[in-house]
file input-v2.txt (compact mmCIF, C-alpha atoms)
# COMPACT_ATOMS: atom_id res chain seq x y z
CA MET A 1 -23.74 21.91 13.74
CA LYS A 2 -21.72 19.67 15.99
CA ALA A 3 -21.46 16.00 15.23
CA ARG A 4 -19.39 12.96 16.02
CA ILE A 5 -18.19 10.17 13.75
CA ILE A 6 -17.13 6.90 15.36
CA VAL A 7 -14.99 4.64 13.19
CA ARG A 8 -14.50 0.99 14.11
CA LEU A 9 -13.00 -2.07 12.53
CA LYS A 10 -15.70 -4.31 11.09
CA GLN A 11 -16.65 -7.18 13.36
CA THR A 12 -15.22 -9.62 10.81
CA VAL A 13 -11.79 -7.95 10.94
CA HIS A 14 -9.28 -9.03 13.57
CA ASP A 15 -8.33 -6.24 16.02
CA PRO A 16 -4.97 -7.03 17.65
CA GLN A 17 -4.91 -3.65 19.44
CA GLY A 18 -8.22 -4.36 21.14
CA GLU A 19 -6.94 -7.80 22.15
CA ALA A 20 -3.73 -6.31 23.60
CA ILE A 21 -5.76 -3.80 25.62
CA CYS A 22 -8.05 -6.58 26.86
CA GLN A 23 -4.98 -8.56 27.92
CA THR A 24 -3.69 -5.54 29.86
CA PHE A 25 -7.03 -5.32 31.67
CA HIS A 26 -6.57 -8.97 32.69
CA HIS A 27 -3.03 -8.23 33.94
CA MET A 28 -4.52 -5.41 36.02
CA GLY A 29 -6.97 -7.82 37.57
CA TYR A 30 -10.11 -6.91 35.62
CA SER A 31 -10.70 -10.52 34.74
CA ASN A 32 -14.39 -10.07 33.92
CA ILE A 33 -13.63 -7.86 30.89
CA THR A 34 -13.87 -10.32 28.07
CA HIS A 35 -13.80 -8.27 24.89
CA VAL A 36 -12.31 -4.95 23.69
CA ARG A 37 -12.52 -3.40 20.24
CA GLN A 38 -10.61 -0.17 19.59
CA GLY A 39 -11.99 2.62 17.44
CA LYS A 40 -11.55 6.29 16.60
CA VAL A 41 -13.73 9.29 17.43
CA PHE A 42 -13.90 12.47 15.35
CA ASP A 43 -15.69 15.52 16.75
CA ILE A 44 -16.61 17.75 13.87
CA GLU A 45 -18.20 21.18 13.58
CA VAL A 46 -19.86 22.34 10.38
CA ASP A 47 -20.81 25.91 9.48
CA ASN A 48 -23.85 27.07 7.51
CA ALA A 49 -25.56 23.71 7.16
CA THR A 50 -28.85 22.26 8.30
CA GLU A 51 -28.97 18.99 10.20
CA SER A 52 -29.79 16.97 7.12
CA GLU A 53 -27.08 18.71 5.06
CA THR A 54 -24.56 18.05 7.83
CA LYS A 55 -25.56 14.41 7.95
CA LEU A 56 -25.09 14.03 4.17
CA LEU A 57 -21.71 15.75 4.37
CA LEU A 58 -20.55 13.50 7.22
CA GLU A 59 -21.77 10.39 5.38
CA GLU A 60 -19.58 11.48 2.48
CA ILE A 61 -16.39 12.16 4.46
CA GLY A 62 -16.98 9.03 6.54
CA ARG A 63 -17.15 6.92 3.40
CA LYS A 64 -14.40 8.71 1.47
CA VAL A 65 -11.77 9.51 4.10
CA LEU A 66 -12.40 8.75 7.75
CA ALA A 67 -13.18 5.06 7.29
CA ASN A 68 -11.77 2.56 4.84
CA PRO A 69 -14.90 0.58 3.89
CA ILE A 70 -12.83 -2.53 3.24
CA ILE A 71 -11.95 -2.90 6.91
CA GLU A 72 -13.94 -0.28 8.82
CA GLU A 73 -17.47 0.94 9.49
CA TYR A 74 -18.66 4.22 10.99
CA VAL A 75 -21.63 5.72 12.78
CA ILE A 76 -22.66 9.36 12.92
CA GLU A 77 -24.04 10.98 16.05
CA MET A 78 -25.59 14.38 15.56
CA GLY A 79 -25.01 16.96 18.30
CA GLU A 80 -26.58 20.32 19.02
CA GLU A 81 -26.30 23.43 16.85
CA SER A 82 -23.10 25.33 17.59
CA MET B 83 12.72 5.04 -19.50
CA LYS B 84 11.09 8.07 -17.92
CA ILE B 85 10.39 7.34 -14.29
CA LYS B 86 8.51 9.69 -12.00
CA VAL B 87 8.99 9.26 -8.26
CA ILE B 88 6.22 10.93 -6.29
CA VAL B 89 7.35 12.74 -3.14
CA PHE B 90 4.74 13.15 -0.39
CA PRO B 91 5.33 15.07 2.84
CA GLY B 92 6.77 12.23 4.91
CA SER B 93 8.16 10.09 2.09
CA ASN B 94 11.56 8.79 3.19
CA CYS B 95 12.54 6.20 0.59
CA ASP B 96 12.23 8.61 -2.33
CA HIS B 97 15.99 9.11 -2.64
CA ASP B 98 16.77 5.38 -2.28
CA THR B 99 14.30 4.80 -5.10
CA GLU B 100 15.80 7.60 -7.18
CA ARG B 101 19.30 6.24 -6.61
CA ALA B 102 18.35 2.68 -7.56
CA PHE B 103 16.70 3.69 -10.83
CA ARG B 104 19.11 6.49 -11.80
CA ASN B 105 22.53 5.37 -10.55
CA LEU B 106 22.20 1.61 -10.75
CA LEU B 107 19.77 1.17 -13.64
CA ASP B 108 20.70 4.27 -15.61
CA GLN B 109 17.14 5.54 -16.01
CA ASP B 110 15.78 9.05 -16.48
CA VAL B 111 14.29 9.82 -13.04
CA GLU B 112 12.28 12.88 -12.07
CA MET B 113 11.05 13.60 -8.56
CA LEU B 114 7.51 14.99 -8.46
CA TRP B 115 6.20 16.86 -5.42
CA HIS B 116 2.72 15.71 -4.41
CA LYS B 117 1.21 19.09 -5.31
CA GLU B 118 1.97 18.61 -9.01
CA GLU B 119 -1.16 18.08 -11.05
CA ASN B 120 0.51 16.65 -14.14
CA LEU B 121 2.85 13.71 -14.52
CA GLY B 122 4.28 14.84 -17.84
CA ASN B 123 5.73 12.16 -20.06
CA ALA B 124 6.08 9.01 -17.95
CA ASP B 125 6.77 5.31 -18.59
CA LEU B 126 6.54 4.38 -14.93
CA VAL B 127 5.28 6.13 -11.80
CA VAL B 128 6.72 5.02 -8.46
CA LEU B 129 5.13 5.76 -5.10
CA PRO B 130 7.98 5.33 -2.65
CA GLY B 131 8.06 4.21 0.96
CA GLY B 132 7.80 6.44 3.97
CA PHE B 133 5.13 7.84 6.24
CA ALA B 134 3.12 10.24 4.08
CA TYR B 135 1.25 12.73 6.27
CA GLY B 136 2.80 11.01 9.31
CA ASP B 137 0.49 8.02 8.75
CA TYR B 138 -2.18 10.07 10.53
CA LEU B 139 -5.74 8.73 10.32
CA ARG B 140 -4.65 5.55 8.43
CA THR B 141 -1.60 4.83 6.35
CA GLY B 142 -2.09 6.33 2.91
CA ALA B 143 -5.54 7.73 3.73
CA MET B 144 -4.62 11.37 3.23
CA ALA B 145 -1.85 10.95 0.65
CA ARG B 146 -4.41 9.33 -1.59
CA TYR B 147 -6.13 12.74 -1.85
CA SER B 148 -2.92 14.64 -2.71
CA PRO B 149 -3.30 16.68 -5.91
CA VAL B 150 -0.88 14.46 -7.83
CA MET B 151 -2.96 11.35 -7.14
CA GLU B 152 -5.66 12.39 -9.60
CA ALA B 153 -3.05 12.34 -12.34
CA VAL B 154 -1.65 9.02 -11.06
CA GLU B 155 -5.15 7.50 -11.07
CA ARG B 156 -5.79 8.75 -14.59
CA PHE B 157 -2.42 7.40 -15.74
CA ALA B 158 -3.17 4.01 -14.18
CA ARG B 159 -6.71 3.82 -15.62
CA GLU B 160 -5.23 4.51 -19.06
CA GLY B 161 -2.88 1.54 -18.63
CA GLY B 162 0.23 3.35 -17.37
CA MET B 163 2.50 1.40 -15.06
CA VAL B 164 2.37 2.36 -11.39
CA PHE B 165 4.53 0.75 -8.71
CA GLY B 166 3.95 1.29 -4.99
CA ILE B 167 6.57 0.28 -2.44
CA CYS B 168 5.61 0.01 1.25
CA ASN B 169 3.81 3.30 1.96
CA GLY B 170 3.29 3.54 -1.82
CA PHE B 171 1.49 0.17 -1.69
CA GLN B 172 -0.68 1.44 1.18
CA ILE B 173 -1.56 4.58 -0.81
CA LEU B 174 -2.48 2.53 -3.91
CA CYS B 175 -4.81 0.36 -1.82
CA GLU B 176 -6.41 3.41 -0.20
CA ALA B 177 -6.89 4.92 -3.66
CA GLY B 178 -8.65 1.76 -4.83
CA LEU B 179 -6.03 1.17 -7.54
CA LEU B 180 -5.19 -2.12 -5.83
CA PRO B 181 -7.65 -4.31 -3.92
CA GLY B 182 -7.54 -4.89 -0.16
CA ALA B 183 -6.12 -2.86 2.70
CA LEU B 184 -3.02 -2.75 4.89
CA MET B 185 -3.63 -2.94 8.62
CA LYS B 186 -1.51 -2.71 11.74
CA ASN B 187 0.92 -5.63 12.03
CA ALA B 188 -0.77 -8.47 13.90
CA CYS B 189 2.22 -8.59 16.29
CA LEU B 190 1.69 -4.84 16.98
CA GLN B 191 5.43 -4.28 16.52
CA PHE B 192 7.17 -2.18 13.92
CA ARG B 193 9.12 -4.80 11.97
CA SER B 194 12.48 -3.84 10.45
CA MET B 195 14.19 -6.98 9.19
CA GLN B 196 15.24 -9.00 6.18
CA VAL B 197 12.53 -11.28 4.80
CA HIS B 198 12.34 -13.86 2.04
CA LEU B 199 9.75 -13.63 -0.70
CA ARG B 200 8.62 -16.35 -3.06
CA VAL B 201 7.76 -15.23 -6.57
CA GLU B 202 4.23 -16.56 -7.14
CA THR B 203 3.75 -15.57 -10.76
CA THR B 204 5.80 -14.24 -13.63
CA ARG B 205 2.70 -12.78 -15.27
CA SER B 206 3.46 -9.17 -14.31
CA PRO B 207 5.88 -6.50 -15.52
CA LEU B 208 7.60 -6.65 -12.15
CA THR B 209 8.20 -10.41 -12.14
CA LYS B 210 8.22 -11.24 -15.84
CA HIS B 211 11.97 -11.84 -16.01
CA LEU B 212 12.19 -13.78 -12.76
CA ALA B 213 11.41 -17.47 -12.23
CA GLN B 214 8.27 -18.76 -10.60
CA GLY B 215 9.19 -19.97 -7.12
CA GLN B 216 12.37 -17.84 -7.09
CA ILE B 217 13.31 -16.65 -3.60
CA LEU B 218 14.25 -13.01 -3.10
CA LYS B 219 15.73 -11.56 0.05
CA MET B 220 15.04 -7.94 0.93
CA PRO B 221 14.12 -5.82 3.95
CA ILE B 222 10.79 -4.74 5.33
CA ALA B 223 10.37 -1.73 7.64
CA HIS B 224 6.75 -1.13 8.55
CA GLY B 225 4.18 -1.06 11.31
CA ASP B 226 1.19 -1.43 8.99
CA GLY B 227 1.96 -4.19 6.53
CA ASN B 228 -0.74 -6.65 7.48
CA TYR B 229 -2.46 -7.20 4.14
CA TYR B 230 -6.18 -7.86 4.39
CA ALA B 231 -8.70 -8.78 1.75
CA ASP B 232 -12.13 -10.27 2.27
CA HIS B 233 -12.85 -13.79 1.07
CA ILE B 234 -14.26 -12.72 -2.32
CA THR B 235 -11.31 -10.42 -3.05
CA LEU B 236 -8.80 -13.05 -1.97
CA THR B 237 -10.44 -15.63 -4.23
CA GLU B 238 -10.26 -13.16 -7.12
CA LEU B 239 -6.58 -12.47 -6.41
CA VAL B 240 -5.85 -16.19 -6.56
CA ASP B 241 -8.08 -16.89 -9.59
CA GLU B 242 -6.67 -13.94 -11.55
CA ASP B 243 -3.09 -14.83 -10.60
CA CYS B 244 -2.57 -11.40 -9.02
CA ILE B 245 -0.48 -12.46 -6.02
CA LEU B 246 3.10 -11.58 -6.93
CA PHE B 247 4.98 -12.39 -3.73
CA ARG B 248 4.36 -14.30 -0.52
CA TYR B 249 6.48 -14.28 2.62
CA ALA B 250 8.40 -17.56 2.73
CA THR B 251 11.26 -19.27 4.49
CA PRO B 252 14.69 -19.13 2.77
CA ASP B 253 13.77 -22.57 1.36
CA GLY B 254 10.52 -21.29 -0.09
CA LEU B 255 8.06 -22.70 2.42
CA ILE B 256 4.95 -20.58 2.98
CA ILE B 257 4.36 -21.01 6.70
CA PRO B 258 3.08 -18.71 9.47
CA GLU B 259 6.60 -18.44 10.95
CA ALA B 260 7.77 -16.74 7.73
CA ASN B 261 5.01 -14.14 7.95
CA PRO B 262 6.30 -10.98 9.67
CA ASN B 263 3.06 -9.04 9.94
CA GLY B 264 0.04 -11.34 9.83
CA SER B 265 -0.79 -10.73 6.17
CA ILE B 266 -3.56 -12.96 4.93
CA PHE B 267 -2.20 -15.85 2.86
CA ASN B 268 1.37 -14.53 3.59
CA ILE B 269 0.79 -11.93 0.86
CA ALA B 270 3.69 -9.49 0.39
CA GLY B 271 2.84 -8.03 -3.01
CA ILE B 272 0.04 -8.00 -5.56
CA CYS B 273 -0.96 -6.52 -8.91
CA ASN B 274 -4.33 -5.45 -10.30
CA LYS B 275 -6.27 -7.55 -12.82
CA GLU B 276 -5.02 -5.38 -15.68
CA ARG B 277 -1.47 -6.06 -14.40
CA ASN B 278 -0.27 -2.46 -14.79
CA VAL B 279 -0.49 -1.46 -11.11
CA PHE B 280 1.57 -3.34 -8.56
CA GLY B 281 2.51 -2.92 -4.94
CA MET B 282 4.60 -4.63 -2.31
CA MET B 283 5.51 -4.04 1.34
CA PRO B 284 9.19 -5.11 1.15
CA HIS B 285 11.79 -2.67 -0.16
CA PRO B 286 13.60 -3.74 -3.36
CA GLU B 287 15.26 -0.30 -3.60
CA ARG B 288 17.02 -0.99 -0.29
CA ALA B 289 18.38 -4.32 -1.50
CA CYS B 290 20.33 -3.25 -4.56
CA GLU B 291 23.91 -3.95 -3.47
CA SER B 292 25.36 -6.97 -1.67
CA GLU B 293 27.02 -4.58 0.82
CA VAL B 294 23.60 -3.87 2.34
CA GLY B 295 22.72 -7.54 2.74
CA SER B 296 21.16 -8.39 -0.60
CA ALA B 297 21.11 -7.33 -4.23
CA ASP B 298 17.88 -9.22 -4.99
CA GLY B 299 15.98 -5.94 -5.12
CA LEU B 300 18.07 -4.89 -8.10
CA THR B 301 17.21 -8.18 -9.82
CA LEU B 302 13.56 -7.31 -9.34
CA LEU B 303 13.87 -3.70 -10.54
CA ARG B 304 15.91 -4.88 -13.54
CA SER B 305 13.09 -7.30 -14.42
CA LEU B 306 10.71 -4.34 -14.33
CA MET B 307 12.99 -2.30 -16.60
CA GLU B 308 13.24 -5.14 -19.13
CA SER B 309 9.43 -5.45 -19.16
CA LEU B 310 9.08 -1.70 -19.64
CA GLU B 311 11.53 -1.71 -22.53
CA LEU B 312 9.60 -4.54 -24.19
CA SER B 313 6.26 -2.80 -23.67
CA THR B 314 7.47 0.54 -25.06
CA GLN B 315 9.26 -0.94 -28.10
CA PRO B 316 6.18 -0.96 -30.36
CA ARG B 317 5.63 2.68 -29.50
CA LEU B 318 9.25 3.56 -30.27
CA ALA B 319 9.07 1.64 -33.54
CA LYS B 320 5.95 3.56 -34.45
CA VAL B 321 7.66 6.87 -33.72
CA ALA B 322 10.70 5.80 -35.76
CA SER B 323 8.52 4.93 -38.77
CA LEU B 324 6.88 8.38 -38.85

call {"tool": "encode", "arguments": {"input": "input-v2.txt", "output": "structure tokens"}}
result
Amino acid sequence: MKARIIVRLKQTVHDPQGEAICQTFHHMGYSNITHVRQGKVFDIEVDNATESETKLLLEEIGRKVLANPIIEEYVIEMGEES
Amino acid sequence: MKIKVIVFPGSNCDHDTERAFRNLLDQDVEMLWHKEENLGNADLVVLPGGFAYGDYLRTGAMARYSPVMEAVERFAREGGMVFGICNGFQILCEAGLLPGALMKNACLQFRSMQVHLRVETTRSPLTKHLAQGQILKMPIAHGDGNYYADHITLTELVDEDCILFRYATPDGLIIPEANPNGSIFNIAGICNKERNVFGMMPHPERACESEVGSADGLTLLRSLMESLELSTQPRLAKVASL
């Protein structure tokens, strides 16, 4: 199975990197971009697992490793079978 | 005292830490590679500064799953003293042994500079032999030292008197200008509620001789040693009476 985990800072957590990127957009003339939040994307492939097993596994690694639940949240997007 | 310094791939303050405890404080120091599964006989475990696993993913996120960390967690849960400096502090937060998280500096710069810390409480092994309000000067060197805790956690830290150090001016004022990384409440170091696990972003082991700009770090580490000696005395007395 192929899947993607997107990790982002929680909305309540300040994201100075996103702000710096937004500022750069303004310097470049894209003045109508008002908000940027930076995140991370992990493309993951899992062997010998059904879709529901893969989802459970990704929930676990998302919670335990890929995101720090104090400051971050994550979403899982399931892809096609590899 | 038996002190174990954990060495992760990417630790770079391990030898400064070793030198401070062994050469300047005359302690029995053993370096433990992160793949060790046992701590052996330890009075204090130190997680040194550096960039474990290259800080990939998030600072401390992978080091926290190193084989040795299970033993460190067990040791801490049983009341053993664990001290994290800089990257060590980040690892302890990732492991859930200390509350909160360390984020990218709000200024987005890597900050390598001398800072001043105000001692907020003497109710910890690290600060027991210092004075409340005492100002310590020592360096920071980090890109991810921006301490964050949500409102509930921050309230608990204050209520439980778990904030050990806050970034201050040389005169002891806690103001935004004295904060090098955007840490909430100017927090530079904390301990857990049980007061046996403590962490700080600044580097006391790099401030142990006046030749390097400050010896206040040695004052701090000496305070820790005195607390350790006091806490192990009953055990020694018990052994002696057998």

call {"tool": "residues_around", "arguments": {"input": "input-v2.txt", "residues": "Tyr74 in chain A", "least_positions_apart": "2", "cutoff": "9 Å", "atoms": "all atoms listed in the file", "output": "tab-separated table (two decimals) with C-alpha atoms, in the coordinates of the input"}}
result
chain	number	residue	atom	x	y	z
A	5	ILE	CA	-18.19	10.17	13.75
A	6	ILE	CA	-17.13	6.90	15.36
A	7	VAL	CA	-14.99	4.64	13.19
A	8	ARG	CA	-14.50	0.99	14.11
A	9	LEU	CA	-13.00	-2.07	12.53
A	59	GLU	CA	-21.77	10.39	5.38
A	62	GLY	CA	-16.98	9.03	6.54
A	63	ARG	CA	-17.15	6.92	3.40
A	66	LEU	CA	-12.40	8.75	7.75
A	67	ALA	CA	-13.18	5.06	7.29
A	69	PRO	CA	-14.90	0.58	3.89
A	72	GLU	CA	-13.94	-0.28	8.82
A	76	ILE	CA	-22.66	9.36	12.92

call {"tool": "residues_around", "arguments": {"input": "input-v2.txt", "residues": "range 279-285 of chain B", "least_positions_apart": "4", "cutoff": "7 Å", "atoms": "only C-alpha atoms", "output": "list of chain:residue names"}}
result
B:Ala158, B:Met163, B:Val164, B:Phe165, B:Gly166, B:Ile167, B:Cys168, B:Phe171, B:Met220, B:Pro221, B:Ile222, B:Gly227, B:Ala270, B:Gly271, B:Ile272, B:Cys273, B:Asn274, B:Ala289

call {"tool": "closest_atom_pairs", "arguments": {"input": "input-v2.txt", "of": "chain A", "to": "chain B", "cutoff": "9 Å", "atoms": "all atoms listed in the file", "output": "JSON lines"}}
result
{"residue": "A:Val13", "atom": "CA", "partner": "B:Tyr230", "partner_atom": "CA", "distance": 8.6}
{"residue": "A:His14", "atom": "CA", "partner": "B:Ala188", "partner_atom": "CA", "distance": 8.5}
{"residue": "A:Asp15", "atom": "CA", "partner": "B:Ala188", "partner_atom": "CA", "distance": 8.2}
{"residue": "A:Pro16", "atom": "CA", "partner": "B:Ala188", "partner_atom": "CA", "distance": 5.8}
{"residue": "A:Gln17", "atom": "CA", "partner": "B:Leu190", "partner_atom": "CA", "distance": 7.1}
{"residue": "A:Ala20", "atom": "CA", "partner": "B:Leu190", "partner_atom": "CA", "distance": 8.7}
{"residue": "A:Lys40", "atom": "CA", "partner": "B:Leu139", "partner_atom": "CA", "distance": 8.9}
{"residue": "A:Val65", "atom": "CA", "partner": "B:Ala143", "partner_atom": "CA", "distance": 6.5}
{"residue": "A:Leu66", "atom": "CA", "partner": "B:Leu139", "partner_atom": "CA", "distance": 7.1}
{"residue": "A:Ala67", "atom": "CA", "partner": "B:Arg140", "partner_atom": "CA", "distance": 8.6}
{"residue": "A:Asn68", "atom": "CA", "partner": "B:Glu176", "partner_atom": "CA", "distance": 7.4}
{"residue": "A:Ile70", "atom": "CA", "partner": "B:Gly182", "partner_atom": "CA", "distance": 6.7}
{"residue": "A:Ile71", "atom": "CA", "partner": "B:Ala183", "partner_atom": "CA", "distance": 7.2}

call {"tool": "residues_around", "arguments": {"input": "input-v2.txt", "residues": "His224 in chain B", "least_positions_apart": "5", "cutoff": "7 Å", "atoms": "only C-alpha atoms", "output": "list of chain:residue names"}}
result
B:Phe192, B:Arg193, B:Ser194

call {"tool": "atom_distance", "arguments": {"input": "input-v2.txt", "atom1": "CA of Glu118 in chain B", "atom2": "CA of Met151 in chain B"}}
result
9.0 Å

call {"tool": "residues_around", "arguments": {"input": "input-v2.txt", "residues": "Ile257 in chain B", "least_positions_apart": "3", "cutoff": "10 Å", "atoms": "only C-alpha atoms", "output": "compact mmCIF listing (two decimals) with C-alpha atoms, in the coordinates of the input"}}
result
# COMPACT_ATOMS: atom_id res chain seq x y z
CA ARG B 248 4.36 -14.30 -0.52
CA TYR B 249 6.48 -14.28 2.62
CA ALA B 250 8.40 -17.56 2.73
CA THR B 251 11.26 -19.27 4.49
CA GLY B 254 10.52 -21.29 -0.09
CA ALA B 260 7.77 -16.74 7.73
CA ASN B 261 5.01 -14.14 7.95
CA PHE B 267 -2.20 -15.85 2.86
CA ASN B 268 1.37 -14.53 3.59

call {"tool": "closest_residue", "arguments": {"input": "input-v2.txt", "among": "A:Glu77, A:Lys64, A:Leu58, A:Ile33", "to": "Val46 in chain A", "atoms": "all atoms listed in the file"}}
result
A:Leu58

call {"tool": "atom_distance", "arguments": {"input": "input-v2.txt", "atom1": "CA of His198 in chain B", "atom2": "CA of Pro258 in chain B"}}
result
12.8 Å
